[in-house]
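query-v2.tsv (TSV, C-alpha atoms)
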```
chain	number	residue	atom	x	y	z
A	1	MET	CA	108.64	103.51	62.16
A	2	ASP	CA	107.21	102.55	65.55
A	3	LYS	CA	108.70	103.68	68.85
A	4	ALA	CA	111.47	105.89	67.47
A	5	PHE	CA	113.69	108.32	69.34
A	6	ILE	CA	113.04	111.89	68.17
A	7	ILE	CA	114.98	115.13	67.84
A	8	GLU	CA	112.45	117.94	68.02
A	9	ALA	CA	112.82	121.64	67.19
A	10	ARG	CA	111.00	123.97	69.57
A	11	SER	CA	110.17	127.67	69.64
A	12	TYR	CA	110.22	129.58	72.94
A	13	ASP	CA	108.06	132.67	72.53
A	14	ILE	CA	109.66	136.06	73.23
A	15	TRP	CA	107.09	138.81	73.74
A	16	GLY	CA	104.79	137.33	71.09
A	17	ILE	CA	107.00	138.48	68.20
A	18	ALA	CA	110.29	136.60	68.32
A	19	SER	CA	111.56	133.12	69.04
A	20	HIS	CA	114.36	131.42	70.94
A	21	ASN	CA	114.73	128.14	69.04
A	22	PHE	CA	116.16	125.06	70.74
A	23	TRP	CA	116.45	121.30	70.40
A	24	VAL	CA	114.71	118.57	72.40
A	25	LEU	CA	115.58	114.86	72.60
A	26	ARG	CA	112.64	112.50	73.19
A	27	ASN	CA	112.80	108.78	73.86
A	28	ASP	CA	110.62	106.07	72.34
A	29	GLU	CA	107.92	106.82	74.95
A	30	ASN	CA	107.90	110.50	73.85
A	31	GLN	CA	109.44	111.59	77.17
A	32	VAL	CA	111.86	114.52	77.16
A	33	LEU	CA	115.40	113.38	77.94
A	34	SER	CA	117.40	116.51	77.20
A	35	GLN	CA	117.48	119.98	75.64
A	36	LEU	CA	120.24	121.82	73.74
A	37	HIS	CA	120.34	125.62	73.94
A	38	GLY	CA	122.45	128.62	73.13
A	39	LEU	CA	121.83	131.32	75.74
A	40	ALA	CA	123.10	134.74	76.70
A	41	THR	CA	125.62	134.14	79.47
A	42	ASP	CA	127.11	136.57	81.97
A	43	ARG	CA	130.90	136.49	81.59
A	44	LYS	CA	131.54	137.23	85.28
A	45	THR	CA	129.12	134.78	86.89
A	46	ASN	CA	129.00	132.25	84.02
A	47	THR	CA	125.22	131.99	84.43
A	48	PHE	CA	122.69	132.12	81.63
A	49	LYS	CA	120.18	134.95	81.47
A	50	PRO	CA	116.93	135.65	79.62
A	51	ILE	CA	118.20	138.69	77.71
A	52	GLY	CA	121.75	139.28	76.55
A	53	PHE	CA	123.71	142.52	76.45
A	54	PHE	CA	126.90	143.64	74.74
A	55	ASN	CA	129.21	142.39	77.52
A	56	ASP	CA	127.70	138.87	77.53
A	57	ARG	CA	128.86	135.78	75.70
A	58	LEU	CA	126.94	133.07	73.86
A	59	GLY	CA	126.85	130.00	76.10
A	60	PHE	CA	126.02	126.50	74.88
A	61	TYR	CA	124.06	124.27	77.28
A	62	GLU	CA	122.55	120.82	77.62
A	63	PHE	CA	119.75	120.54	80.17
A	64	LYS	CA	118.97	116.95	81.16
A	65	THR	CA	115.59	115.99	82.57
A	66	ALA	CA	117.12	113.31	84.82
A	67	ASN	CA	119.27	115.98	86.51
A	68	ASN	CA	116.27	118.25	87.15
A	69	ASP	CA	117.99	120.88	85.01
A	70	PRO	CA	116.02	123.94	83.85
A	71	SER	CA	113.42	123.39	81.16
A	72	PHE	CA	112.27	125.78	78.47
A	73	ILE	CA	109.39	123.52	77.41
A	74	PHE	CA	105.89	124.91	77.90
A	75	ASN	CA	102.44	124.07	76.58
A	76	ASN	CA	101.36	125.71	73.32
A	77	GLN	CA	104.89	126.13	71.95
A	78	GLN	CA	105.49	125.47	68.28
A	79	ALA	CA	107.28	122.13	68.02
A	80	VAL	CA	108.35	120.06	65.01
A	81	PRO	CA	109.82	116.55	65.05
A	82	VAL	CA	112.79	117.05	62.73
A	83	TYR	CA	114.52	113.68	62.92
A	84	GLN	CA	113.54	110.24	64.16
A	85	GLY	CA	115.25	106.90	64.15
A	86	ASP	CA	116.47	104.06	66.28
A	87	VAL	CA	118.11	104.84	69.61
A	88	THR	CA	121.68	104.34	68.35
A	89	ASP	CA	121.29	106.64	65.35
A	90	VAL	CA	119.49	109.44	67.19
A	91	LEU	CA	121.76	109.37	70.25
A	92	SER	CA	124.83	109.39	68.01
A	93	ARG	CA	123.62	112.58	66.33
A	94	TRP	CA	122.61	114.19	69.64
A	95	ASP	CA	125.87	113.22	71.33
A	96	ASN	CA	127.89	114.60	68.42
A	97	ALA	CA	126.45	118.05	69.15
A	98	ALA	CA	126.42	117.73	72.95
A	99	SER	CA	130.05	116.62	73.02
A	100	GLN	CA	131.06	119.89	71.32
A	101	LEU	CA	129.50	122.22	73.92
A	102	ALA	CA	132.68	122.69	75.98
A	103	THR	CA	134.68	123.42	72.83
A	104	LEU	CA	132.05	125.89	71.66
A	105	ASN	CA	132.02	127.62	75.04
A	106	LYS	CA	135.82	128.03	74.85
A	107	GLN	CA	135.26	130.20	71.77
A	108	ASP	CA	133.93	132.92	74.14
A	109	LEU	CA	131.70	134.37	71.41
A	110	ASN	CA	130.20	137.80	71.98
A	111	TYR	CA	126.42	137.75	72.30
A	112	SER	CA	124.48	140.11	70.00
A	113	PRO	CA	121.69	141.68	72.05
A	114	PHE	CA	118.19	142.18	70.69
A	115	GLY	CA	119.00	140.87	67.19
A	116	ILE	CA	120.03	144.35	66.05
A	117	LEU	CA	119.21	144.80	62.38
A	118	GLY	CA	122.09	145.38	60.02
A	119	LEU	CA	124.70	143.78	62.29
A	120	PRO	CA	125.90	140.19	62.28
A	121	VAL	CA	123.85	138.43	64.94
A	122	THR	CA	125.38	135.80	67.20
A	123	ASN	CA	122.71	134.57	69.59
A	124	SER	CA	120.62	131.59	70.65
A	125	ASN	CA	119.26	131.06	67.14
A	126	SER	CA	122.78	131.06	65.71
A	127	ALA	CA	123.62	128.32	68.22
A	128	TYR	CA	120.44	126.44	67.23
A	129	HIS	CA	121.54	126.56	63.57
A	130	LEU	CA	125.05	125.34	64.36
A	131	LEU	CA	123.76	122.53	66.58
A	132	SER	CA	121.55	121.31	63.73
A	133	GLN	CA	124.63	121.08	61.52
A	134	LEU	CA	126.54	119.16	64.18
A	135	MET	CA	123.64	116.69	64.39
A	136	GLY	CA	123.37	116.46	60.60
A	137	ILE	CA	119.70	117.46	60.59
A	138	ASP	CA	117.65	120.24	59.02
A	139	CYS	CA	117.44	123.60	60.76
A	140	CYS	CA	113.69	124.04	61.19
A	141	ARG	CA	112.17	127.52	60.86
A	142	PHE	CA	109.00	128.56	62.68
A	143	SER	CA	106.17	130.59	61.19
A	144	GLY	CA	104.79	133.82	62.56
A	145	VAL	CA	107.85	134.80	64.60
A	146	LEU	CA	111.08	136.70	64.06
A	147	GLU	CA	114.15	134.49	64.35
A	148	PRO	CA	117.10	136.88	64.58
A	149	GLY	CA	120.44	135.14	64.14
A	150	ILE	CA	119.10	131.97	62.54
A	151	GLY	CA	120.91	132.74	59.28
A	152	ASN	CA	124.26	132.78	61.08
A	153	SER	CA	125.39	129.19	61.53
A	154	LEU	CA	128.61	130.31	63.24
A	155	ASP	CA	130.64	128.72	60.44
A	156	TYR	CA	133.66	130.70	61.58
A	157	CYS	CA	133.77	128.64	64.79
A	158	ASN	CA	136.32	125.90	64.56
A	159	VAL	CA	134.29	123.40	66.55
A	160	ASN	CA	137.04	120.81	66.34
A	161	ALA	CA	139.70	123.09	67.84
A	162	GLY	CA	140.86	121.77	71.16
A	163	ASN	CA	138.56	118.77	70.91
A	164	GLU	CA	139.84	116.26	73.45
```

Could you write out this file's structure as structure tokens?
Amino acid sequence: MDKAFIIEARSYDIWGIASHNFWVLRNDENQVLSQLHGLATDRKTNTFKPIGFFNDRLGFYEFKTANNDPSFIFNNQQAVPVYQGDVTDVLSRWDNAASQLATLNKQDLNYSPFGILGLPVTNSNSAYHLLSQLMGIDCCRFSGVLEPGIGNSLDYCNVNAGNE
């Protein structure tokens, strides 16, 4: 297929051993349009932060290139095109996930710091897994890095609750 829109999985390196996985939307010219993330978020200031602690929540975010929003894309990151198709199909999948972000944020989920072993982990990789399900695409795994929380798809979240 020529000139397809693409949903890409990306791995943001954490200290050379772990990964913050996130989603990237590219247009038919391979330009980045948007990113979907789950990030540790301070409950008091409602701002995302690089490392979460026990009093933080899991925040769901869309960063749009056109808005000059933050970007987590850097050279030499692992990246895999997971889904490609025509603009209508790809944007429908992307928008299905992006339209749920406010509902997901209302869940006020506790953030699990440091991917503590032996405890259920709710973190950025859990969000990444759930967002893949909302888009109806495979949840890509990356080699050579720990991905704490990726096995938790947050199935207990009722993502349709309160959906306006």

- request: Extract, using only C-alpha atoms, all DNA, RNA and protein residues at most 12 Å from Leu131 (chain A), discarding same-chain residues fewer than 2 positions from it, and format them as a count of residues only.
  value: 44

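Computed from the coordinates, the CA of Leu33 (chain A) to CA of Thr47 (chain A) distance equals 22.0 Å.
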
task: In the coordinate frame of the file, compute which residues have an atom within 10 Å of (109.8, 138.2, 70.3) when using only C-alpha atoms, and state them as JSON, numbers by chain.
output: {"A": [12, 13, 14, 15, 16, 17, 18, 19, 20, 114, 145, 146, 147, 148]}

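One distance worth recording is that between CA of Ile73 (chain A) and CA of Arg26 (chain A), which is 12.2 Å.
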
Box centre and edge lengths (Å, one decimal), axis-aligned, region 123-135 of chain A plus 3 Å each side, as lines of an AutoDock Vina configuration file:
```
center_x = 122.9
center_y = 125.6
center_z = 66.1
size_x = 13.3
size_y = 23.9
size_z = 15.1
```

task: To one decimal in Å, tell me the separation between CA of Val82 (chain A) and CA of Thr65 (chain A).
output: 20.1 Å

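The closest residue to Phe74 (chain A), picked from A:Ser143, A:Thr45, A:Asn55, A:Ser11 and counting only C-alpha atoms, is A:Ser11.
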
task: Counting all atoms listed in the file, find the residues whose atoms lie at most 12 Å from (128.1, 134.5, 83.7) (file coordinates) and write them out as a PyMOL selection string.
output: chain A and resi 39-50+52-53+55-59+105+108+111

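Residue nearest Asp28 (chain A), chosen from A:Ala4, A:Leu109, A:Ala79, A:Val90 and counting all atoms listed in the file: A:Ala4.
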
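Counting only C-alpha atoms and comparing A:Asn68, A:Ser132, A:Gln84, A:Gln77, the residue that lies closest to Asn30 (chain A) is A:Gln84.
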
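Nearest residue to Leu25 (chain A), choosing from A:Val80, A:Phe5, A:Ala102, A:Val121 and counting all atoms listed in the file: A:Phe5.
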